[in-house]
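Chemist: Before I ask anything, let me first share the structure, which is written out below as structure tokens.
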Amino acid sequence: MPMRGRPLRRLEDERYLTGRGRYIEDIDLQGQAWMHVVRSPEAHATIRAIDTSSARAMPGVLGVFTASDLADLGDLPCTVQVASLEPLRIPPRPPLARGRVRHVGDPVAFVVAETRDAARSAAEAVTVEYDALPVVADAAAALAPGAPLLWDDIPGNLSYRFQKGDRAAVDAALASAAHVADLTLVNNRLIICPAETRGGIAEYTEAAGYHLQLSGSGVHVLRNEIAKSILRIPPERLRVSCPDVGGGFGVKNPVYPEWPMLLWAAKRLGRPVKWIGERAEDFVTTTQGRDNRTRARLALDAEGRFLALDADTVADLGAYLSQGGPGSSTNAPANAIGSGYDIPAIFMDVRGAFTNRVPIDAYRGAGKPEVNYMIERLIDEAARRFGFDRIELRRRNAVAQFPYRKALGTVIDTGRFAANIDPALAAADHAGFAARRAASAARGMLRGIGVTCFMETARGAPNEGAEIRFDPDGKVALLVGTQSTGMGHETTYPQIAADLLGLPIEAFRYIQADTAEVRAGNGHGGARSMHMGGAALCKAADALLAKAAPLAARLLQAAPDQVQFADGRFSVADDPSRGIRLVELAAAARDPANLPEGEAPGLDTYVWNITDLITYPNGCHIAEVEIDPETGALALCRYTGVDDFGTVLNPLLITGQIQGGLAQGIGQAMLEHTVYDPDSGQLLSGSLMDYTLPRATDLPDLDIVLNGVPTVNNPLGVKGSGQAGAIAAPQAVICAVLDALAPLGVTHIDMPATPERIWQAIRAARG
């Protein structure tokens, strides 16, 4: 029975559930010291003086360091290329602030001591004198004339202006359209809270160089950027590895200031140095997500056909450009804007603004949730204003002929954009909604339903490596350059290899996230692991078998065209009893005596998969909510999704991925509210007492139906599923909220739809 398609439980879960996971907290090296970072309490200020004398004199302190000590280190990189109308403005970002701080949490010094407590106590004894500067904590305000400047050499706080599309065609369509729906939408800033905060441990020896273990992702990218941009050493002198990682969601991808601090201190002090961020520290140091304001317009003809889409966006970048920060509001949404709808003309105009906030970077979906939310809200708005049926508008305009070239150039190879709507309506019992709404009304409650769609563009970096290695203990090692931070790669990759090589799943050992073992890779991101890494593994298996077949023929004394492979064994076609198992053949291949002259021993095989083809996960999601009009209290009663992820390798894991993403998307829509004080730039939602994450009690059963058509853009036929839930949920929930509030005259609400916001909207509508 094929392993692919089976709902196997994750092989790695046994060690997690029995306390045998290995996280940064679990790693203690002989002689290690601890680091604690001194951070700015000011959002914008010049640093007048730093007094470290008291801290240096405290027991157990090994050193207190400021920017002048790290003067030989380079700046943190921003690696995203943006086609800005003017050169992209990237301000310097040293590991420690030099002369000026620009957001609360900006690092100004660090202490290394014998123990964690000693380092923390000494950090509290460091005295920093600040001269406060004017603060701007809103992107639109930052771009306004006369706004306080974060960077003296960056006029108007503008990092870039990105435009893409045919402005003339869009303007003409808007001018001649029978109908134009317009909305101003806020995609709220999110604080990302993986179960495990960021942390790392660094060591250095003259012989081996540096080794950084961290709770992060994308080890090869991190190694290359830290070595090249900051330490200025050959990459082979730096090893980066990750043990188990307790969640990432994109925010553990970038280079952070703590990584060069740890590495520099380990070399300076001649001993390992460890740091683990506290939760409150994580809130003001780890990159945050989303945060843009868009004026969007959708042009329609008299029959409701979409003619054009126009989007004018201001994106908040925070105080610095994080490694991938600009991409979330430019390149990523440009591929997905318009979702799976036939829209002949699209134009997007994005301005990226510096503010005195924590920097922005990729977070689950990175740009795709924002543009999917925009088009779905516009469709419901057009239906409301102009008398169309909102479901029929989606059916009428969904792409149905493939391949389809979108207005901004991406080519969709296949999808079930309209075909999944009716199955979703059936699964959600849409026909029974009227009765449920009446029952709610009888109890004095408002009930609404949101029927929305989504389309993701999944690929990430367009290349990936995979290696198949036969180890001396009989195990077959799979070394892939992607990385799991909870996605189940330890299970899925062996499932793929088991089918390709005809071996039991127990025969495989999965190795990831270590630059000393895995040759190269681009980590996760963009729901790329199976599309890119899985495809690389398929190509590695094909290359391995092509290499093995002539050797099998030689050992079996048969003509090459008479040798066949099945169920992990090479055999002779006209005499199947003559055969050799793949593992035995790999062992024989290590002996040069078995090989033709000049052929390298071994069957170990490595491939580097290069493809710029994107996959397009898509689906229809339906949310049903109930609202208490007296208090604004909101309950999510039902949630249904029918999704096209192409070939399903493991439905249990895919469903888990979707449900996790849905929880995050629902959290954005209903609960998660990042609040900065506009005058001081202080983060007011700076702890889990103030920032609300979704809990199990906030979620109904999440009913997911997998109903896909395979893509032709990779050999597995898979479409990425890791980000889909976070892309699909926000619009489904908010459209349901507005449907519930429609009888009261409420036509707009921004995320998150908290009880207070709902109550205020109801009061405003009642006058």
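Chain identifiers are assigned as A, B, and so on, following the order in which chains appear in the structure tokens; residues are numbered from 1 within each chain, and ligands are numbered from 1 in order of appearance.
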What's the 9 Å shell around stretch 470-477 of chain A, counting only C-alpha atoms, without same-chain residues fewer than 2 positions away, as a list in words?
Modeler: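 Near stretch 470-477 of chain A, the qualifying residues are Glu467, Ile468, Leu479, Glu506, Ala507, Phe508, Arg509, Tyr510, Ile511, Val583, Ala586, Ala587, Gly602, Leu603 and Asp604 of chain A.
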Chemist: May I have the residues within 12 Å of A:Arg528 as JSON, numbers by chain, using only C-alpha atoms and disregarding those fewer than 6 positions away in the same chain?
Modeler: {"A": [365, 456, 457, 458, 459, 460, 461, 462, 463, 464, 481, 482, 483, 484, 487, 489, 521, 522, 534, 535, 536, 611, 612, 613, 614, 615, 616, 617, 714, 718, 719, 720, 721, 722, 723]}
Chemist: Once you have the residues from the selection above, write them out as a compact mmCIF listing (two decimals), in the first residue's frame, restricted to N, CA, C and O atoms.
Modeler:
# COMPACT_ATOMS: atom_id res chain seq x y z
N GLY A 365 1.94 33.63 5.67
CA GLY A 365 1.25 34.10 4.49
C GLY A 365 1.90 35.31 3.87
O GLY A 365 1.90 35.48 2.66
N GLU A 456 -3.70 31.27 -2.51
CA GLU A 456 -2.32 31.54 -2.09
C GLU A 456 -1.39 31.34 -3.27
O GLU A 456 -1.70 30.61 -4.23
N THR A 457 -0.24 31.99 -3.21
CA THR A 457 0.84 31.70 -4.16
C THR A 457 1.97 31.08 -3.35
O THR A 457 2.58 31.74 -2.51
N ALA A 458 2.25 29.81 -3.57
CA ALA A 458 3.19 29.06 -2.75
C ALA A 458 4.41 28.65 -3.58
O ALA A 458 4.27 28.04 -4.63
N ARG A 459 5.56 29.02 -3.08
CA ARG A 459 6.84 28.57 -3.64
C ARG A 459 8.00 28.94 -2.75
O ARG A 459 8.86 28.15 -2.45
N GLY A 460 8.04 30.21 -2.30
CA GLY A 460 9.20 30.68 -1.55
C GLY A 460 10.41 30.75 -2.47
O GLY A 460 10.30 30.98 -3.68
N ALA A 461 11.59 30.56 -1.90
CA ALA A 461 12.82 30.61 -2.69
C ALA A 461 12.76 29.56 -3.81
O ALA A 461 12.33 28.43 -3.59
N PRO A 462 13.22 29.90 -5.02
CA PRO A 462 13.01 29.03 -6.17
C PRO A 462 14.05 27.93 -6.37
O PRO A 462 14.27 27.49 -7.50
N ASN A 463 14.69 27.50 -5.31
CA ASN A 463 15.64 26.39 -5.43
C ASN A 463 15.77 25.69 -4.09
O ASN A 463 15.59 26.30 -3.04
N GLU A 464 16.08 24.41 -4.15
CA GLU A 464 16.20 23.61 -2.93
C GLU A 464 17.00 22.36 -3.19
O GLU A 464 17.00 21.83 -4.30
N GLY A 481 17.08 20.62 2.52
CA GLY A 481 17.40 21.97 2.94
C GLY A 481 16.23 22.78 3.45
O GLY A 481 16.40 23.94 3.84
N THR A 482 15.01 22.22 3.45
CA THR A 482 13.89 22.89 4.09
C THR A 482 14.01 22.67 5.60
O THR A 482 14.93 22.00 6.07
N GLN A 483 13.09 23.22 6.36
CA GLN A 483 13.14 23.02 7.81
C GLN A 483 11.75 23.01 8.40
O GLN A 483 10.93 23.88 8.11
N SER A 484 11.52 22.05 9.26
CA SER A 484 10.27 21.99 10.00
C SER A 484 10.42 22.73 11.32
O SER A 484 11.41 22.56 12.03
N MET A 487 5.95 21.34 11.38
CA MET A 487 5.10 20.97 10.25
C MET A 487 5.07 19.48 9.94
O MET A 487 4.30 19.05 9.09
N HIS A 489 7.84 17.39 8.95
CA HIS A 489 8.72 16.90 7.89
C HIS A 489 9.33 15.55 8.20
O HIS A 489 9.64 14.79 7.29
N GLY A 521 20.43 24.92 1.41
CA GLY A 521 18.98 24.93 1.53
C GLY A 521 18.44 26.31 1.81
O GLY A 521 19.18 27.23 2.16
N ASN A 522 17.14 26.44 1.66
CA ASN A 522 16.48 27.72 1.84
C ASN A 522 15.39 27.69 2.90
O ASN A 522 14.56 28.60 2.97
N GLY A 534 10.22 18.52 -1.47
CA GLY A 534 9.69 17.21 -1.89
C GLY A 534 10.05 16.91 -3.33
O GLY A 534 10.38 15.77 -3.68
N ALA A 535 9.97 17.94 -4.18
CA ALA A 535 10.36 17.74 -5.57
C ALA A 535 11.84 17.42 -5.69
O ALA A 535 12.25 16.57 -6.50
N ALA A 536 12.67 18.09 -4.87
CA ALA A 536 14.10 17.78 -4.88
C ALA A 536 14.35 16.34 -4.46
O ALA A 536 15.21 15.65 -5.03
N THR A 611 13.40 25.71 -9.76
CA THR A 611 12.17 25.97 -10.51
C THR A 611 11.55 27.27 -10.03
O THR A 611 11.54 27.56 -8.84
N ASP A 612 11.06 28.06 -10.98
CA ASP A 612 10.40 29.30 -10.60
C ASP A 612 8.88 29.17 -10.66
O ASP A 612 8.15 30.16 -10.58
N LEU A 613 8.39 27.94 -10.79
CA LEU A 613 6.95 27.71 -10.89
C LEU A 613 6.30 27.79 -9.52
O LEU A 613 6.80 27.24 -8.54
N ILE A 614 5.18 28.46 -9.45
CA ILE A 614 4.42 28.66 -8.22
C ILE A 614 3.24 27.70 -8.21
O ILE A 614 2.73 27.31 -9.26
N THR A 615 2.79 27.31 -7.03
CA THR A 615 1.54 26.57 -6.91
C THR A 615 0.49 27.48 -6.28
O THR A 615 0.82 28.48 -5.62
N TYR A 616 -0.78 27.10 -6.46
CA TYR A 616 -1.88 27.99 -6.08
C TYR A 616 -2.91 27.27 -5.22
O TYR A 616 -3.99 26.89 -5.69
N PRO A 617 -2.61 27.07 -3.95
CA PRO A 617 -3.63 26.53 -3.04
C PRO A 617 -4.83 27.47 -3.02
O PRO A 617 -4.69 28.70 -3.09
N ASN A 714 5.01 20.54 -10.09
CA ASN A 714 6.05 19.75 -9.41
C ASN A 714 5.69 18.28 -9.53
O ASN A 714 4.53 17.93 -9.78
N VAL A 718 1.69 18.55 -5.53
CA VAL A 718 1.25 19.16 -4.28
C VAL A 718 1.15 20.68 -4.42
O VAL A 718 1.85 21.29 -5.22
N LYS A 719 0.26 21.26 -3.62
CA LYS A 719 0.16 22.70 -3.45
C LYS A 719 0.32 22.97 -1.95
O LYS A 719 -0.25 22.28 -1.13
N GLY A 720 1.08 23.98 -1.61
CA GLY A 720 1.40 24.21 -0.20
C GLY A 720 0.17 24.47 0.65
O GLY A 720 -0.75 25.18 0.25
N SER A 721 0.19 23.93 1.87
CA SER A 721 -0.96 24.07 2.77
C SER A 721 -0.64 24.83 4.05
O SER A 721 -1.55 25.15 4.82
N GLY A 722 0.63 25.15 4.29
CA GLY A 722 1.02 25.64 5.61
C GLY A 722 0.46 27.00 5.98
O GLY A 722 0.33 27.31 7.15
N GLN A 723 0.14 27.83 4.99
CA GLN A 723 -0.29 29.20 5.28
C GLN A 723 -1.77 29.43 5.02
O GLN A 723 -2.30 30.50 5.31
Chemist: Taking only residues of stretch 339-406 of chain A that have an atom at most 12 Å from an atom of stretch 41-57 of chain A, what is each one's shortest atom pair and its distance in Å to one decimal, using only C-alpha atoms, in chain and number order, as JSON lines?
Modeler:
{"residue": "A:Thr355", "atom": "CA", "partner": "A:Ala43", "partner_atom": "CA", "distance": 9.6}
{"residue": "A:Asn356", "atom": "CA", "partner": "A:Ala43", "partner_atom": "CA", "distance": 5.8}
{"residue": "A:Arg357", "atom": "CA", "partner": "A:Ala43", "partner_atom": "CA", "distance": 7.4}
{"residue": "A:Val358", "atom": "CA", "partner": "A:Ala43", "partner_atom": "CA", "distance": 9.4}
Chemist: What would the file look like if the residues just selected were written as a PDB file, in the first residue's frame with C-alpha atoms?
Modeler:
ATOM      1  CA  THR A 355       7.818  54.369  12.347  1.00  0.00           C
ATOM      2  CA  ASN A 356       8.949  54.073  15.954  1.00  0.00           C
ATOM      3  CA  ARG A 357       7.657  50.526  16.208  1.00  0.00           C
ATOM      4  CA  VAL A 358       9.140  47.042  16.167  1.00  0.00           C
TER       5      VAL A 358
END
Chemist: List the neighbours of stretch 184-189 of chain A out to 9 Å using only C-alpha atoms; skip same-chain residues closer than 3 positions along the sequence, and give me the result as a PyMOL selection string.
Modeler: chain A and resi 288-297+316+360+369-370+373-374+377+668-669+672-675+749-752
Chemist: So that I have them on file, write out the residues from the current selection with N, CA, C and O atoms, as a tab-separated table (two decimals), in the first residue's frame.
Modeler:
chain	number	residue	atom	x	y	z
A	288	GLN	N	7.22	41.78	14.01
A	288	GLN	CA	5.77	41.67	14.05
A	288	GLN	C	5.23	41.55	12.63
A	288	GLN	O	6.00	41.57	11.67
A	289	GLY	N	3.92	41.35	12.49
A	289	GLY	CA	3.36	41.02	11.19
A	289	GLY	C	2.25	41.94	10.73
A	289	GLY	O	1.65	42.68	11.52
A	290	ARG	N	1.99	41.87	9.39
A	290	ARG	CA	0.92	42.62	8.73
A	290	ARG	C	1.15	44.14	8.83
A	290	ARG	O	2.21	44.61	8.52
A	291	ASP	N	0.12	44.89	9.24
A	291	ASP	CA	0.17	46.33	9.50
A	291	ASP	C	0.23	47.15	8.22
A	291	ASP	O	1.27	47.71	7.87
A	292	ASN	N	-0.90	47.25	7.54
A	292	ASN	CA	-1.00	48.21	6.46
A	292	ASN	C	-2.42	48.77	6.36
A	292	ASN	O	-3.36	48.21	6.90
A	293	ARG	N	-2.53	49.88	5.70
A	293	ARG	CA	-3.81	50.53	5.44
A	293	ARG	C	-3.94	50.70	3.93
A	293	ARG	O	-3.03	51.23	3.28
A	294	THR	N	-5.08	50.27	3.37
A	294	THR	CA	-5.26	50.25	1.93
A	294	THR	C	-6.58	50.91	1.54
A	294	THR	O	-7.62	50.59	2.13
A	295	ARG	N	-6.52	51.79	0.55
A	295	ARG	CA	-7.74	52.23	-0.12
A	295	ARG	C	-7.87	51.38	-1.37
A	295	ARG	O	-7.00	51.41	-2.26
A	296	ALA	N	-8.94	50.58	-1.44
A	296	ALA	CA	-9.11	49.62	-2.53
A	296	ALA	C	-10.38	49.92	-3.30
A	296	ALA	O	-11.40	50.29	-2.71
A	297	ARG	N	-10.29	49.75	-4.63
A	297	ARG	CA	-11.47	49.98	-5.49
A	297	ARG	C	-11.61	48.82	-6.47
A	297	ARG	O	-10.62	48.38	-7.08
A	316	ASP	N	3.42	49.89	7.18
A	316	ASP	CA	4.26	50.24	8.32
A	316	ASP	C	5.41	49.23	8.38
A	316	ASP	O	5.18	48.02	8.52
A	360	ILE	N	8.80	45.06	10.99
A	360	ILE	CA	7.89	44.09	10.38
A	360	ILE	C	8.70	43.10	9.54
A	360	ILE	O	9.70	43.46	8.91
A	369	PRO	N	-2.40	37.11	2.93
A	369	PRO	CA	-3.62	37.36	3.71
A	369	PRO	C	-4.18	38.76	3.45
A	369	PRO	O	-5.41	38.94	3.37
A	370	GLU	N	-3.30	39.74	3.30
A	370	GLU	CA	-3.75	41.11	3.13
A	370	GLU	C	-4.54	41.29	1.83
A	370	GLU	O	-5.62	41.90	1.83
A	373	TYR	N	-7.90	39.27	1.86
A	373	TYR	CA	-8.87	39.98	2.68
A	373	TYR	C	-9.46	41.16	1.90
A	373	TYR	O	-10.68	41.39	1.90
A	374	MET	N	-8.61	41.88	1.18
A	374	MET	CA	-9.05	43.06	0.43
A	374	MET	C	-10.08	42.69	-0.63
A	374	MET	O	-11.16	43.30	-0.70
A	377	ARG	N	-13.49	41.39	0.89
A	377	ARG	CA	-14.28	42.48	1.47
A	377	ARG	C	-14.90	43.34	0.37
A	377	ARG	O	-16.05	43.79	0.48
A	668	GLN	N	-6.56	37.02	14.36
A	668	GLN	CA	-6.42	38.35	13.76
A	668	GLN	C	-7.78	39.01	13.59
A	668	GLN	O	-7.93	40.21	13.85
A	669	ALA	N	-8.76	38.26	13.16
A	669	ALA	CA	-10.07	38.83	12.87
A	669	ALA	C	-10.83	39.24	14.13
A	669	ALA	O	-11.55	40.24	14.13
A	672	GLU	N	-6.75	39.71	18.23
A	672	GLU	CA	-5.38	40.18	18.38
A	672	GLU	C	-5.25	41.65	17.99
A	672	GLU	O	-5.44	42.01	16.83
A	673	HIS	N	-4.90	42.47	18.97
A	673	HIS	CA	-4.91	43.92	18.79
A	673	HIS	C	-3.61	44.48	19.35
A	673	HIS	O	-3.40	44.55	20.56
A	674	THR	N	-2.71	44.88	18.43
A	674	THR	CA	-1.44	45.47	18.83
A	674	THR	C	-1.63	46.98	18.97
A	674	THR	O	-1.98	47.65	17.99
A	675	VAL	N	-1.37	47.49	20.15
A	675	VAL	CA	-1.66	48.90	20.43
A	675	VAL	C	-0.38	49.60	20.88
A	675	VAL	O	0.24	49.19	21.87
A	749	ILE	N	-16.41	47.41	9.56
A	749	ILE	CA	-15.69	47.25	10.82
A	749	ILE	C	-14.29	46.78	10.48
A	749	ILE	O	-14.09	46.03	9.51
A	750	ASP	N	-13.31	47.23	11.21
A	750	ASP	CA	-11.94	46.80	10.98
A	750	ASP	C	-11.57	45.70	11.97
A	750	ASP	O	-12.15	45.59	13.05
A	751	MET	N	-10.59	44.91	11.58
A	751	MET	CA	-10.06	43.90	12.48
A	751	MET	C	-9.23	44.56	13.57
A	751	MET	O	-8.57	45.58	13.31
A	752	PRO	N	-9.21	43.98	14.76
A	752	PRO	CA	-10.03	42.85	15.19
A	752	PRO	C	-11.43	43.32	15.61
A	752	PRO	O	-11.59	44.40	16.19
Chemist: Calculate how many Å separate atom CA of A:Thr631 from atom CA of A:Ile762, rounding to one decimal.
Modeler: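 Pair atom CA of A:Thr631 / atom CA of A:Ile762 returns 9.7 Å.
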Chemist: If DSSP is run on the backbone, what residues of stretch 262-507 of chain A are strand (DSSP E or B)? A reply as a count of residues only would be ideal.
Modeler: 69
Chemist: Using only C-alpha atoms for the distances, tell me which of A:Met261, A:Leu11, A:Ile233, A:Val705 is nearest to A:Val37.
Modeler: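 Nearest to A:Val37: A:Met261.
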